[in-house]
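Just run36.txt here, compact mmCIF, C-alpha atoms:
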# COMPACT_ATOMS: atom_id res chain seq x y z
CA MET A 1 -16.29 -31.89 -1.61
CA ILE A 2 -13.12 -30.14 -2.80
CA ALA A 3 -10.29 -30.41 -0.28
CA LEU A 4 -8.97 -27.09 0.98
CA LYS A 5 -5.59 -26.11 -0.35
CA GLN A 6 -3.12 -26.45 2.49
CA PHE A 7 -0.15 -24.30 3.47
CA THR A 8 1.76 -27.50 4.31
CA ASN A 9 1.51 -28.55 0.62
CA LEU A 10 3.48 -25.41 -0.25
CA GLY A 11 6.31 -26.36 2.11
CA VAL A 12 5.16 -24.41 5.19
CA SER A 13 5.82 -26.32 8.43
CA GLU A 14 2.99 -27.90 10.41
CA HIS A 15 3.77 -25.54 13.30
CA LEU A 16 3.41 -22.35 11.21
CA SER A 17 0.31 -23.75 9.47
CA ASN A 18 -1.31 -24.28 12.86
CA ILE A 19 -0.44 -20.72 13.94
CA LEU A 20 -2.15 -19.48 10.74
CA LYS A 21 -5.24 -21.59 11.47
CA ASN A 22 -5.40 -20.15 14.99
CA ASN A 23 -5.36 -16.69 13.38
CA GLY A 24 -8.27 -17.68 11.12
CA ILE A 25 -6.18 -18.19 7.97
CA GLN A 26 -7.08 -21.57 6.47
CA GLU A 27 -6.22 -21.43 2.81
CA PRO A 28 -3.42 -19.77 0.80
CA THR A 29 -4.27 -16.97 -1.64
CA PRO A 30 -3.06 -17.21 -5.29
CA ILE A 31 0.06 -15.08 -4.65
CA GLN A 32 0.96 -17.21 -1.60
CA GLU A 33 0.40 -20.40 -3.57
CA LYS A 34 2.73 -19.25 -6.36
CA ALA A 35 5.42 -17.43 -4.35
CA ILE A 36 5.96 -19.57 -1.22
CA PRO A 37 7.36 -22.73 -2.91
CA VAL A 38 9.71 -20.63 -5.08
CA LEU A 39 10.93 -18.55 -2.11
CA LEU A 40 11.52 -21.66 -0.01
CA LYS A 41 13.94 -22.78 -2.76
CA LYS A 42 15.83 -19.53 -1.96
CA LYS A 43 15.20 -18.11 -5.44
CA ASP A 44 14.69 -14.41 -6.19
CA VAL A 45 11.10 -13.39 -6.89
CA VAL A 46 9.48 -10.40 -8.56
CA GLY A 47 5.84 -10.37 -7.54
CA GLN A 48 3.22 -8.13 -9.08
CA ALA A 49 0.21 -7.98 -6.81
CA GLN A 50 -2.18 -5.38 -5.41
CA THR A 51 -2.58 -4.66 -1.71
CA GLY A 52 -5.15 -7.04 -0.29
CA THR A 53 -3.97 -10.13 -2.21
CA GLY A 54 -2.10 -11.59 0.77
CA LYS A 55 1.40 -10.75 -0.49
CA THR A 56 2.71 -9.89 3.00
CA LEU A 57 2.32 -13.50 4.16
CA ALA A 58 3.71 -14.66 0.81
CA PHE A 59 7.13 -13.34 1.88
CA LEU A 60 6.83 -13.52 5.69
CA LEU A 61 6.12 -17.27 5.85
CA PRO A 62 9.23 -18.30 3.84
CA ILE A 63 11.35 -15.85 5.88
CA LEU A 64 10.14 -17.37 9.16
CA GLU A 65 10.83 -20.86 7.81
CA MET A 66 14.38 -19.96 6.79
CA ILE A 67 15.51 -17.90 9.81
CA ASN A 68 18.05 -19.58 12.06
CA PRO A 69 17.24 -18.48 15.66
CA GLU A 70 20.69 -19.71 16.81
CA GLN A 71 22.38 -17.15 14.58
CA LYS A 72 22.31 -13.93 16.61
CA GLU A 73 22.26 -11.39 13.76
CA VAL A 74 19.89 -9.70 11.31
CA GLN A 75 19.05 -12.27 8.62
CA ALA A 76 16.01 -10.68 6.95
CA LEU A 77 15.17 -7.10 6.05
CA VAL A 78 11.79 -5.87 4.80
CA LEU A 79 11.86 -2.35 3.36
CA SER A 80 8.56 -0.49 3.05
CA PRO A 81 7.81 3.05 1.75
CA THR A 82 5.54 4.30 4.55
CA ARG A 83 5.29 4.02 8.27
CA GLU A 84 1.67 2.82 7.98
CA LEU A 85 2.72 -0.08 5.78
CA ALA A 86 5.70 -0.93 8.00
CA LEU A 87 3.31 -1.09 10.96
CA GLN A 88 0.92 -3.39 9.09
CA ILE A 89 3.74 -5.75 8.10
CA SER A 90 5.16 -5.73 11.65
CA SER A 91 1.82 -6.55 13.18
CA GLU A 92 1.35 -9.54 10.80
CA LEU A 93 4.92 -10.65 11.48
CA ASN A 94 4.59 -10.39 15.26
CA LYS A 95 1.39 -12.44 15.34
CA LEU A 96 3.38 -15.31 13.84
CA ALA A 97 6.84 -14.70 15.32
CA LYS A 98 5.63 -14.63 18.93
CA GLU A 99 4.60 -18.28 18.48
CA VAL A 100 7.99 -19.30 17.05
CA GLU A 101 10.60 -19.82 19.70
CA GLY A 102 13.72 -17.69 19.61
CA ILE A 103 12.87 -15.33 16.72
CA ASN A 104 13.13 -11.62 17.49
CA THR A 105 11.76 -8.87 15.26
CA LEU A 106 12.16 -5.11 15.18
CA ALA A 107 10.18 -2.36 13.44
CA VAL A 108 12.29 0.67 12.48
CA TYR A 109 10.45 3.76 11.27
CA GLY A 110 10.36 7.51 11.78
CA GLY A 111 8.20 9.23 14.37
CA GLN A 112 9.07 6.53 16.89
CA ASP A 113 11.33 6.77 19.94
CA ILE A 114 14.80 5.97 18.60
CA GLN A 115 16.02 5.09 22.10
CA ALA A 116 13.42 2.31 22.36
CA GLN A 117 14.65 0.98 19.01
CA LEU A 118 18.27 1.14 20.25
CA ASN A 119 17.36 -0.74 23.44
CA LYS A 120 15.69 -3.47 21.43
CA LEU A 121 18.73 -3.73 19.17
CA LYS A 122 20.85 -4.68 22.19
CA ASN A 123 19.07 -8.05 22.06
CA SER A 124 19.67 -10.19 19.01
CA VAL A 125 17.25 -9.23 16.22
CA HIS A 126 16.63 -11.64 13.33
CA ILE A 127 14.07 -9.75 11.20
CA VAL A 128 13.91 -5.97 10.65
CA VAL A 129 10.92 -4.21 9.05
CA ALA A 130 11.89 -0.64 8.17
CA THR A 131 11.26 2.54 6.26
CA PRO A 132 14.32 3.79 4.32
CA GLY A 133 15.00 7.07 6.18
CA ARG A 134 15.07 5.72 9.73
CA LEU A 135 17.00 2.61 8.67
CA LEU A 136 19.74 4.78 7.14
CA ASP A 137 19.77 6.72 10.41
CA HIS A 138 20.65 3.52 12.26
CA ILE A 139 23.23 2.54 9.64
CA ARG A 140 24.94 5.94 10.07
CA ARG A 141 24.92 5.52 13.85
CA GLU A 142 26.28 1.99 13.32
CA THR A 143 23.46 0.61 15.46
CA ILE A 144 22.22 -1.80 12.77
CA ASP A 145 24.53 -4.08 10.84
CA LEU A 146 23.01 -5.48 7.63
CA SER A 147 26.07 -7.39 6.44
CA SER A 148 24.54 -10.75 7.41
CA VAL A 149 21.14 -10.18 5.72
CA SER A 150 20.46 -13.15 3.45
CA MET A 151 16.79 -12.31 2.68
CA PHE A 152 15.77 -8.87 1.43
CA VAL A 153 12.23 -7.73 0.63
CA LEU A 154 11.48 -4.51 -1.23
CA ASP A 155 7.75 -4.00 -0.78
CA GLU A 156 5.60 -1.59 -2.83
CA ALA A 157 8.61 -0.87 -5.07
CA ASP A 158 6.60 1.42 -7.38
CA GLN A 159 5.61 3.63 -4.45
CA MET A 160 9.20 3.73 -3.15
CA LEU A 161 10.25 5.26 -6.46
CA HIS A 162 7.17 7.46 -6.75
CA MET A 163 7.98 8.96 -3.35
CA GLY A 164 11.56 9.67 -4.41
CA PHE A 165 13.20 7.00 -2.24
CA LEU A 166 15.47 5.55 -4.94
CA PRO A 167 18.72 7.07 -3.51
CA GLU A 168 17.83 5.73 -0.03
CA VAL A 169 16.94 2.29 -1.39
CA GLU A 170 20.29 2.19 -3.24
CA SER A 171 22.17 3.24 -0.08
CA VAL A 172 20.50 0.39 1.84
CA MET A 173 21.26 -2.13 -0.93
CA GLU A 174 24.95 -1.17 -0.76
CA GLN A 175 25.00 -2.47 2.82
CA LEU A 176 23.77 -5.92 1.80
CA GLN A 177 25.88 -8.88 0.79
CA GLU A 178 25.98 -9.88 -2.88
CA GLU A 179 24.82 -13.41 -2.11
CA ARG A 180 21.30 -12.83 -0.89
CA GLN A 181 17.75 -13.67 -1.83
CA THR A 182 15.82 -10.66 -3.13
CA MET A 183 12.01 -10.47 -3.12
CA LEU A 184 10.56 -7.45 -4.88
CA PHE A 185 6.83 -6.74 -4.77
CA SER A 186 5.03 -4.01 -6.67
CA ALA A 187 1.43 -3.28 -7.63
CA THR A 188 2.53 -1.84 -10.98
CA MET A 189 5.66 -2.37 -13.09
CA PRO A 190 6.78 0.98 -14.54
CA THR A 191 10.14 1.27 -16.31
CA GLU A 192 11.94 2.44 -13.13
CA VAL A 193 10.85 -0.70 -11.27
CA ARG A 194 12.00 -2.90 -14.17
CA LYS A 195 15.42 -1.20 -13.95
CA LEU A 196 15.61 -2.04 -10.24
CA VAL A 197 14.67 -5.65 -10.99
CA LYS A 198 17.44 -5.92 -13.59
CA GLN A 199 19.99 -4.34 -11.30
CA TYR A 200 19.26 -6.09 -8.02
CA THR A 201 17.80 -9.54 -8.72
CA LYS A 202 19.37 -12.68 -10.18
CA ASN A 203 17.33 -15.02 -12.40
CA ALA A 204 14.20 -13.90 -10.58
CA GLU A 205 10.97 -15.75 -11.08
CA ASN A 206 8.16 -13.42 -12.17
CA ILE A 207 4.85 -13.98 -10.42
CA LYS A 208 1.82 -11.94 -11.39
CA VAL A 209 -1.51 -12.18 -9.64
CA GLU A 210 -4.59 -10.24 -10.60
CA GLY A 211 -6.15 -8.35 -7.70
CA SER A 212 -9.45 -9.75 -6.55
CA ARG A 213 -12.24 -7.99 -8.42
CA ILE A 214 -14.83 -8.98 -5.81
CA THR A 215 -14.77 -5.52 -4.27
CA LEU A 216 -15.90 -4.04 -7.60
CA ASP A 217 -19.23 -5.87 -7.25
CA GLU A 218 -19.84 -4.00 -4.01
CA ILE A 219 -19.19 -0.62 -5.62
CA THR A 220 -21.54 1.54 -7.69
CA GLN A 221 -19.32 3.25 -10.27
CA MET A 222 -20.19 6.35 -12.26
CA VAL A 223 -18.64 9.10 -14.36
CA ILE A 224 -19.45 12.80 -14.27
CA GLU A 225 -18.43 14.60 -17.44
CA THR A 226 -17.08 18.07 -16.80
CA THR A 227 -14.72 20.75 -18.01
CA ASP A 228 -11.65 21.67 -15.97
CA ARG A 229 -13.23 25.01 -15.29
CA GLU A 230 -16.40 23.56 -13.79
CA LYS A 231 -14.81 20.66 -11.96
CA GLN A 232 -14.55 22.26 -8.53
CA ALA A 233 -18.11 23.54 -8.58
CA LYS A 234 -19.41 20.15 -9.78
CA LEU A 235 -17.51 18.39 -7.00
CA MET A 236 -19.28 20.56 -4.44
CA THR A 237 -22.64 19.72 -6.05
CA VAL A 238 -21.75 16.03 -5.67
CA LEU A 239 -20.80 16.49 -2.01
CA ASP A 240 -24.10 18.31 -1.36
CA GLN A 241 -26.23 15.77 -3.26
CA PHE A 242 -24.59 12.53 -2.16
CA ARG A 243 -23.69 13.69 1.35
CA PRO A 244 -20.87 11.15 1.82
CA PHE A 245 -20.40 9.89 5.36
CA LEU A 246 -16.64 9.53 4.75
CA ALA A 247 -15.02 10.13 1.36
CA ILE A 248 -11.53 10.03 -0.11
CA ILE A 249 -11.05 12.54 -2.95
CA PHE A 250 -8.08 11.70 -5.19
CA CYS A 251 -5.95 14.34 -6.91
CA ARG A 252 -3.09 13.78 -9.33
CA THR A 253 -0.50 15.96 -7.57
CA LYS A 254 0.31 17.35 -4.12
CA ARG A 255 -0.29 20.87 -5.41
CA ARG A 256 -3.75 20.07 -6.70
CA ALA A 257 -4.62 18.30 -3.43
CA MET A 258 -3.54 21.35 -1.42
CA LYS A 259 -5.43 23.75 -3.67
CA LEU A 260 -8.63 21.69 -3.64
CA ASN A 261 -8.52 21.18 0.13
CA ALA A 262 -8.08 24.93 0.67
CA ALA A 263 -11.12 25.60 -1.59
CA LEU A 264 -13.27 23.00 0.23
CA GLN A 265 -12.31 24.38 3.64
CA GLY A 266 -13.05 27.88 2.37
CA PHE A 267 -16.61 26.79 1.58
CA GLY A 268 -17.05 25.21 5.00
CA TYR A 269 -16.55 21.52 4.13
CA LEU A 270 -14.87 19.35 6.80
CA SER A 271 -11.82 18.34 4.79
CA ASP A 272 -8.08 17.87 5.13
CA GLU A 273 -5.21 16.85 2.86
CA LEU A 274 -2.90 13.83 2.78
CA HIS A 275 0.21 13.82 0.56
CA GLY A 276 3.94 13.21 0.57
CA ASP A 277 4.90 16.75 1.63
CA LEU A 278 3.40 16.34 5.09
CA SER A 279 5.58 15.35 8.04
CA GLN A 280 4.92 11.93 9.56
CA ALA A 281 3.36 13.55 12.64
CA LYS A 282 0.99 15.66 10.51
CA ARG A 283 -0.03 12.66 8.39
CA GLU A 284 -0.84 10.65 11.50
CA LYS A 285 -2.86 13.54 12.90
CA VAL A 286 -4.88 13.82 9.67
CA MET A 287 -5.49 10.07 9.55
CA LYS A 288 -6.56 10.03 13.20
CA ARG A 289 -9.08 12.81 12.55
CA PHE A 290 -10.40 10.98 9.50
CA ARG A 291 -10.74 7.67 11.37
CA GLU A 292 -12.49 9.45 14.23
CA MET A 293 -14.77 11.15 11.64
CA LYS A 294 -13.75 14.63 12.75
CA ILE A 295 -13.24 15.30 9.06
CA GLN A 296 -15.46 13.88 6.32
CA TYR A 297 -13.36 14.43 3.24
CA LEU A 298 -9.77 13.35 2.82
CA VAL A 299 -8.15 15.00 -0.23
CA ALA A 300 -5.29 12.65 -1.08
CA THR A 301 -2.69 11.71 -3.66
CA ASP A 302 -2.21 8.06 -4.70
CA VAL A 303 1.02 7.73 -2.77
CA ALA A 304 -0.55 8.81 0.50
CA ALA A 305 -3.44 6.41 0.08
CA ARG A 306 -1.32 3.27 -0.38
CA GLY A 307 -2.10 0.79 2.37
CA LEU A 308 -4.84 3.09 3.64
CA ASP A 309 -7.58 1.02 5.20
CA VAL A 310 -10.26 3.04 6.95
CA GLU A 311 -13.52 1.46 7.92
CA GLY A 312 -16.66 3.19 6.78
CA VAL A 313 -15.39 4.98 3.65
CA THR A 314 -18.66 5.36 1.74
CA HIS A 315 -17.40 7.24 -1.33
CA VAL A 316 -14.24 7.46 -3.41
CA ILE A 317 -14.11 10.44 -5.74
CA ASN A 318 -11.57 10.60 -8.56
CA TYR A 319 -11.32 14.38 -8.86
CA ASP A 320 -8.47 13.69 -11.29
CA ILE A 321 -8.97 10.54 -13.36
CA PRO A 322 -6.39 7.78 -12.74
CA GLU A 323 -4.08 7.20 -15.69
CA ASP A 324 -4.13 3.40 -15.59
CA VAL A 325 -6.59 0.65 -14.71
CA GLU A 326 -4.56 -0.66 -11.76
CA SER A 327 -4.62 2.74 -10.06
CA TYR A 328 -8.36 3.03 -10.70
CA ILE A 329 -9.07 -0.35 -9.10
CA HIS A 330 -6.68 0.42 -6.27
CA ARG A 331 -8.36 3.75 -5.53
CA ILE A 332 -11.96 2.65 -5.68
CA GLY A 333 -11.11 -0.42 -3.58
CA ARG A 334 -10.86 1.92 -0.58
CA THR A 335 -14.67 1.81 -0.39
CA GLY A 336 -17.21 -1.04 -0.43
CA ARG A 337 -15.08 -3.04 2.00
CA ALA A 338 -16.12 -5.76 4.42
CA GLY A 339 -19.42 -6.38 2.69
CA GLY A 340 -20.50 -2.71 2.75
CA GLN A 341 -21.74 -0.89 -0.34
CA GLY A 342 -19.56 1.84 -1.78
CA ILE A 343 -19.86 4.54 -4.43
CA ALA A 344 -17.05 5.56 -6.78
CA ILE A 345 -17.40 8.77 -8.78
CA THR A 346 -14.91 9.75 -11.48
CA PHE A 347 -14.72 13.21 -13.02
CA ALA A 348 -13.74 13.19 -16.68
CA ALA A 349 -12.91 16.22 -18.81
CA PRO A 350 -12.82 15.88 -22.65
CA LYS A 351 -9.03 15.48 -22.53
CA ASP A 352 -9.45 12.43 -20.24
CA SER A 353 -11.35 10.33 -22.79
CA GLN A 354 -8.39 8.00 -23.51
CA TYR A 355 -8.05 7.15 -19.79
CA LEU A 356 -11.79 6.60 -19.48
CA LYS A 357 -11.75 4.17 -22.42
CA MET A 358 -8.78 2.35 -20.91
CA ILE A 359 -10.51 2.00 -17.51
CA GLU A 360 -13.74 0.72 -19.08
CA LYS A 361 -11.79 -1.80 -21.12
CA GLY A 362 -9.86 -2.89 -18.01
CA ILE A 363 -12.95 -3.44 -15.87
CA LYS A 364 -14.83 -4.95 -18.83
CA GLY A 365 -17.82 -2.69 -18.46
CA GLN A 366 -19.11 0.77 -19.21
CA LEU A 367 -19.33 3.30 -16.41
CA LYS A 368 -22.71 4.94 -15.94
CA ARG A 369 -22.74 8.63 -16.95
CA LYS A 370 -24.35 11.01 -14.47
CA GLN A 371 -25.23 14.64 -15.14
CA VAL A 372 -24.79 17.23 -12.39
CA GLU A 373 -25.10 21.00 -12.47
CA ALA A 374 -22.15 23.05 -11.27
CA LYS A 375 -22.84 24.56 -7.86
CA ASP A 376 -23.08 28.34 -7.91
CA LEU A 377 -20.01 29.44 -5.98
CA GLY A 378 -20.67 33.14 -6.41
CA ASP A 379 -17.65 35.18 -7.42
CA ASP A 380 -15.33 32.51 -6.08
CA ASN A 381 -15.93 30.03 -8.88
CA ARG A 382 -12.60 29.77 -10.60

Using structure tokens, write down the structure that the file contains.
Amino acid sequence: MIALKQFTNLGVSEHLSNILKNNGIQEPTPIQEKAIPVLLKKKDVVGQAQTGTGKTLAFLLPILEMINPEQKEVQALVLSPTRELALQISSELNKLAKEVEGINTLAVYGGQDIQAQLNKLKNSVHIVVATPGRLLDHIRRETIDLSSVSMFVLDEADQMLHMGFLPEVESVMEQLQEERQTMLFSATMPTEVRKLVKQYTKNAENIKVEGSRITLDEITQMVIETTDREKQAKLMTVLDQFRPFLAIIFCRTKRRAMKLNAALQGFGYLSDELHGDLSQAKREKVMKRFREMKIQYLVATDVAARGLDVEGVTHVINYDIPEDVESYIHRIGRTGRAGGQGIAITFAAPKDSQYLKMIEKGIKGQLKRKQVEAKDLGDDNR
């Protein structure tokens, strides 16, 4: 019998390992196995890993090991692009931190009572998990002092930049001391992220972990060939034929998501949109309605769907084809979760053939072609 890999072998204390066991976490994932020993040596790390690979614990465990509870100041900062992600990280952190004596944490994000955050800051806080906007708010009010931060995590770096947060990220970095440990995690490594790495890390160790492909086995994948002109009508045929219980429909841009959602609503489909232009309150409202199944179709951009985990998503529809394999896997991974079966449908116009080839090469398989007729939308088909 092969012995289970242990967290203690990576340098995690017996106490934290036991807390993990009590939370049902027995064995480290590949990213945890590679990152934890390096981070415990206080080295900078650049980690490339998808959501769902266990990267949050890969940085939280070393941080908890290295925090000094006696030191009554902020020692670790985790910066995350969205409130949803900040909440997920905080909840994982709090499960562990509440079992470690003397460590206080604080989540700082928009749409939350700032007074409650201020009250909590009156106590000593060791670890802050924040979104850029609200954190800068506190810095301006001089209610958070980051000058003693020795561990800094930039999570989902590619999405930070995609959402236009680079100026905010740079303003936050200016508040940090030169001598710090930087941990940067990103699902993809575009040029902008590489620039950040060069600028803000020192002799960082690069760690790359392939996302688990298990979910792909649970997902039936197909392609519907179309022209741009017929795409909307064909989508409606698909919705009528497949009758998804809950579906996420991905568009390339905010504008296209808004336009498609308006068209779907106009034809009586229960849909709503999710993209970066919405206020936090509106996004939460949309997500609540989707989770409660008051809407069936969520028309979203990639950015909005990061960290999105909704039970019962039966279909993912790529209305606009993703332009790289990682995005494709990331999108379709929203369905077929927790042992359920999922269906992923990708629309491809002739001009998309290069992306289709790239996706098929990346997943090492050919996607099944399916023919559908365009729904007759009367005079409104445009």

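Checking A:Leu377, A:Ile359, A:Met151, A:Leu278 one by one against Gly266 of chain A, counting only C-alpha atoms, you find the shortest gap at A:Leu377.
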
- Query: Once you count only C-alpha atoms, which residues end up no further than 12 Å from (-5.2, 4.6, -15.7) in the file's frame, shown as a list in words?
  - Reply: Thr188, Arg252, Asp302, Asn318, Asp320, Ile321, Pro322, Glu323, Asp324, Val325, Glu326, Ser327, Tyr328, Ile329, His330, Arg331, Thr346, Asp352, Ser353, Gln354, Tyr355, Leu356, Lys357, Met358, Ile359, Glu360, Lys361, Gly362 and Ile363 of chain A

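With atom CA of Glu174 of chain A on one side and atom CA of Ser148 of chain A on the other, the separation reads 12.6 Å.
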
Per residue of segment 168-255 of chain A within 10 Å of segment 111-134 of chain A, record the nearest atom pair and its distance in Å to one decimal, counting only C-alpha atoms, with rows in chain order and ascending residue number, as CSV.
residue,atom,partner,partner_atom,distance
A:Glu168,CA,A:Pro132,CA,5.9
A:Val169,CA,A:Pro132,CA,6.5
A:Glu170,CA,A:Pro132,CA,9.8
A:Ser171,CA,A:Pro132,CA,9.0
A:Val172,CA,A:Pro132,CA,7.5

- Task: Could you jot down the atom CA of Lys254 of chain A to atom CA of Lys294 of chain A separation for me, Å, one decimal place?
- Result: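 Atom-to-atom, atom CA of Lys254 of chain A and atom CA of Lys294 of chain A are spaced 22.1 Å apart.
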
- d(atom CA of Asp44 of chain A, atom CA of Asn23 of chain A) in Å: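 Answer for the atom CA of Asp44 of chain A to atom CA of Asn23 of chain A separation: 28.1 Å.
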
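Among A:Met236, A:Met66, A:Ile317, A:Leu246, the residue with the shortest atom-to-atom distance to Leu264 of chain A, counting all atoms listed in the file, is A:Met236.
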
- Query: Which residue gives the smallest distance to Gln48 of chain A among A:Ser13, A:Gln71, A:Ser279, A:Gln32, with only C-alpha atoms counted?
  - Reply: A:Gln32

Need the neighbours of (1.9, 9.2, 12.6): which residues are at most 9 Å away, counting all atoms listed in the file, as a CSV table (one decimal) with C-alpha atoms, in the frame of the given file?
chain,number,residue,atom,x,y,z
A,83,ARG,CA,5.3,4.0,8.3
A,84,GLU,CA,1.7,2.8,8.0
A,110,GLY,CA,10.4,7.5,11.8
A,111,GLY,CA,8.2,9.2,14.4
A,112,GLN,CA,9.1,6.5,16.9
A,279,SER,CA,5.6,15.4,8.0
A,280,GLN,CA,4.9,11.9,9.6
A,281,ALA,CA,3.4,13.6,12.6
A,282,LYS,CA,1.0,15.7,10.5
A,283,ARG,CA,0.0,12.7,8.4
A,284,GLU,CA,-0.8,10.6,11.5
A,285,LYS,CA,-2.9,13.5,12.9
A,286,VAL,CA,-4.9,13.8,9.7
A,287,MET,CA,-5.5,10.1,9.6
A,288,LYS,CA,-6.6,10.0,13.2

- Item | Shortest interatomic distance to Met173 of chain A - which of A:Leu87, A:Asn18, A:Arg334, A:Leu77, counting only C-alpha atoms |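 Counting only C-alpha atoms, the residue closest to Met173 of chain A is A:Leu77.
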
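Proximity to Lys231 of chain A was assessed for A:Leu16, A:Leu57, A:Leu298, A:Val372 counting only C-alpha atoms; the smallest distance is recorded for A:Val372.
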
- Between A:Lys368, A:Met222, A:His315, A:Asn206, which one has atoms that come closest to Leu239 of chain A, using only C-alpha atoms?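 Of A:Lys368, A:Met222, A:His315, A:Asn206, the one nearest Leu239 of chain A is A:His315, counting only C-alpha atoms.
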
What box, with edges along x, y and z, holds each listed atom of segment 371-375 of chain A when 5 Å is added on every side, and can you state its centre and edge lengths in Å to one decimal, as JSON?
{"center_x": -23.7, "center_y": 19.6, "center_z": -11.5, "size_x": 13.1, "size_y": 19.9, "size_z": 17.3}

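Near Ala263 of chain A, within 12 Å and counting all atoms listed in the file, sit Gln232, Ala233, Leu235, Met236, Arg256, Ala257, Met258, Lys259, Leu260, Asn261, Gln265, Gly266, Phe267, Gly268, Tyr269, Leu270, Ser271, Asp272, Glu273, Val299, Leu377, Asp380, Asn381 and Arg382 of chain A, not including residues fewer than 2 positions from it in the same chain.
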
Using C-alpha atoms, can you write the selected residues to a file as a PDB file, in the coordinates of the input?
ATOM      1  CA  GLN A 232     -14.550  22.260  -8.530  1.00  0.00           C
ATOM      2  CA  ALA A 233     -18.110  23.540  -8.580  1.00  0.00           C
ATOM      3  CA  LEU A 235     -17.510  18.390  -7.000  1.00  0.00           C
ATOM      4  CA  MET A 236     -19.280  20.560  -4.440  1.00  0.00           C
ATOM      5  CA  ARG A 256      -3.750  20.070  -6.700  1.00  0.00           C
ATOM      6  CA  ALA A 257      -4.620  18.300  -3.430  1.00  0.00           C
ATOM      7  CA  MET A 258      -3.540  21.350  -1.420  1.00  0.00           C
ATOM      8  CA  LYS A 259      -5.430  23.750  -3.670  1.00  0.00           C
ATOM      9  CA  LEU A 260      -8.630  21.690  -3.640  1.00  0.00           C
ATOM     10  CA  ASN A 261      -8.520  21.180   0.130  1.00  0.00           C
ATOM     11  CA  GLN A 265     -12.310  24.380   3.640  1.00  0.00           C
ATOM     12  CA  GLY A 266     -13.050  27.880   2.370  1.00  0.00           C
ATOM     13  CA  PHE A 267     -16.610  26.790   1.580  1.00  0.00           C
ATOM     14  CA  GLY A 268     -17.050  25.210   5.000  1.00  0.00           C
ATOM     15  CA  TYR A 269     -16.550  21.520   4.130  1.00  0.00           C
ATOM     16  CA  LEU A 270     -14.870  19.350   6.800  1.00  0.00           C
ATOM     17  CA  SER A 271     -11.820  18.340   4.790  1.00  0.00           C
ATOM     18  CA  ASP A 272      -8.080  17.870   5.130  1.00  0.00           C
ATOM     19  CA  GLU A 273      -5.210  16.850   2.860  1.00  0.00           C
ATOM     20  CA  VAL A 299      -8.150  15.000  -0.230  1.00  0.00           C
ATOM     21  CA  LEU A 377     -20.010  29.440  -5.980  1.00  0.00           C
ATOM     22  CA  ASP A 380     -15.330  32.510  -6.080  1.00  0.00           C
ATOM     23  CA  ASN A 381     -15.930  30.030  -8.880  1.00  0.00           C
ATOM     24  CA  ARG A 382     -12.600  29.770 -10.600  1.00  0.00           C
TER      25      ARG A 382
END

Would you mind completing segment 287-298 of chain A so that it carries N, CA and C atoms, and writing it out as a short mmCIF file (atom, residue, chain, number, x, y, z; two decimals), in the coordinates of the input?
data_model
loop_
_atom_site.label_atom_id
_atom_site.label_comp_id
_atom_site.auth_asym_id
_atom_site.auth_seq_id
_atom_site.Cartn_x
_atom_site.Cartn_y
_atom_site.Cartn_z
N MET A 287 -4.87 11.40 9.60
CA MET A 287 -5.49 10.07 9.55
C MET A 287 -6.33 9.79 10.79
N LYS A 288 -5.82 10.24 11.94
CA LYS A 288 -6.56 10.03 13.20
C LYS A 288 -7.89 10.77 13.14
N ARG A 289 -7.84 12.01 12.63
CA ARG A 289 -9.08 12.81 12.55
C ARG A 289 -10.07 12.19 11.57
N PHE A 290 -9.53 11.61 10.50
CA PHE A 290 -10.40 10.98 9.50
C PHE A 290 -11.04 9.72 10.09
N ARG A 291 -10.21 8.90 10.75
CA ARG A 291 -10.74 7.67 11.37
C ARG A 291 -11.78 7.98 12.43
N GLU A 292 -11.54 9.08 13.15
CA GLU A 292 -12.49 9.45 14.23
C GLU A 292 -13.66 10.28 13.68
N MET A 293 -13.69 10.43 12.34
CA MET A 293 -14.77 11.15 11.64
C MET A 293 -14.88 12.62 12.05
N LYS A 294 -13.74 13.19 12.44
CA LYS A 294 -13.75 14.63 12.75
C LYS A 294 -13.66 15.42 11.44
N ILE A 295 -13.15 14.73 10.40
CA ILE A 295 -13.24 15.30 9.06
C ILE A 295 -13.97 14.27 8.20
N GLN A 296 -14.67 14.77 7.19
CA GLN A 296 -15.46 13.88 6.32
C GLN A 296 -14.75 13.58 5.02
N TYR A 297 -13.96 14.55 4.58
CA TYR A 297 -13.36 14.43 3.24
C TYR A 297 -11.85 14.47 3.34
N LEU A 298 -11.22 13.42 2.82
CA LEU A 298 -9.77 13.35 2.82
C LEU A 298 -9.32 13.58 1.37
#
